[in-house]
Amino acid sequence: MFMIFVTLECIFTHISFSIISIVVMIHLMNLSVYKIKGFCNSLQKGMIATFLSITGFLVIRWISSGHFPLSNLYESLIFLSWSFSIIHIITYLGNYNNDFSAITALSAIFTQGFATSGFSIEMHQPAILVPALRSQWLMMHVSMMLFSYAALLCGSLLSVALIVITFQKNIDFFLKEQNFLSLRKCFFFGEIEYLHEKESVFKNASFLLFQNFDKYQLIKHLDYSSHRVISLGFTFLTIGILSGAVWANEAWGSYWNWDPKETWAFITWTIFAIYLHTRTNTKFQDQGTNSAFVASIGFILIWICYFGINLLGIGFHSYGSFQ
């Protein structure tokens, strides 16, 4: 029976990884060549198939191990990949303009690929729960934290994209100003040889205006989408920290111990609280850009909190390390 479970886990893992790889390839082709309507439907079906495959893996692991599959780093990475697929499906069902397709697909393949190839075979095996993990709070706390990581990472990457596009938009605006200066120079000197250039200047200026308008719309959409996703992730993070505090009191006799994992989770929570504050504070002239920089910092902090602490293997959360 044990070998059957192991075989089923391998099948679901390889199916999900293969499908998500195909989804990423299709998406890159769609972006690099031209947009094909049939590709969009294939992307959505591929992400749904990935979600179902990872769900099958988690259910089989749950049945075989006898506990919720969040006892080690390998299982948490698979669960994180599953969370990315859920976020993709939620945004798709919500009829949003799906800017998450590249982010969620690449994030899912990165986390699942690292989980399947970055660990030894021994770490793939279900672990026996240590006494501290034998609690009904395991599912609540860890799942909420991983859901929050997935949502905050997606929202932060949208903010990074916003910063990049805004920077490029400012360069285009500078070039547009240079075109108008050259046009004004043409009228000032009244030189005949600039008459043919005037038409090209107007064309370039109008093209840049249209291009900047499209980028302006894209920036506004990215700003709106990142705010919504980060707000959702912040809610999950708050629930995860509060449930973890209750669990810590049951397991260790104290709600807060300033464990490295707890400390960095609090720092991450503070950064995204600042992000939400910049969204509502009218003192900031450009809330979108300012908050995007804060979210970019939060992106780094999430990986430090989730992954960096596990590299050290210290504190009360050392059972989630590489050891």
# chains A, B, ... in the order shown; residues from 1 in each chain; ligands from 1

call {"tool": "residues_around", "arguments": {"residues": "A:Trp62", "least_positions_apart": "2", "cutoff": "12 Å", "atoms": "only C-alpha atoms", "output": "count of residues only"}}
result
22
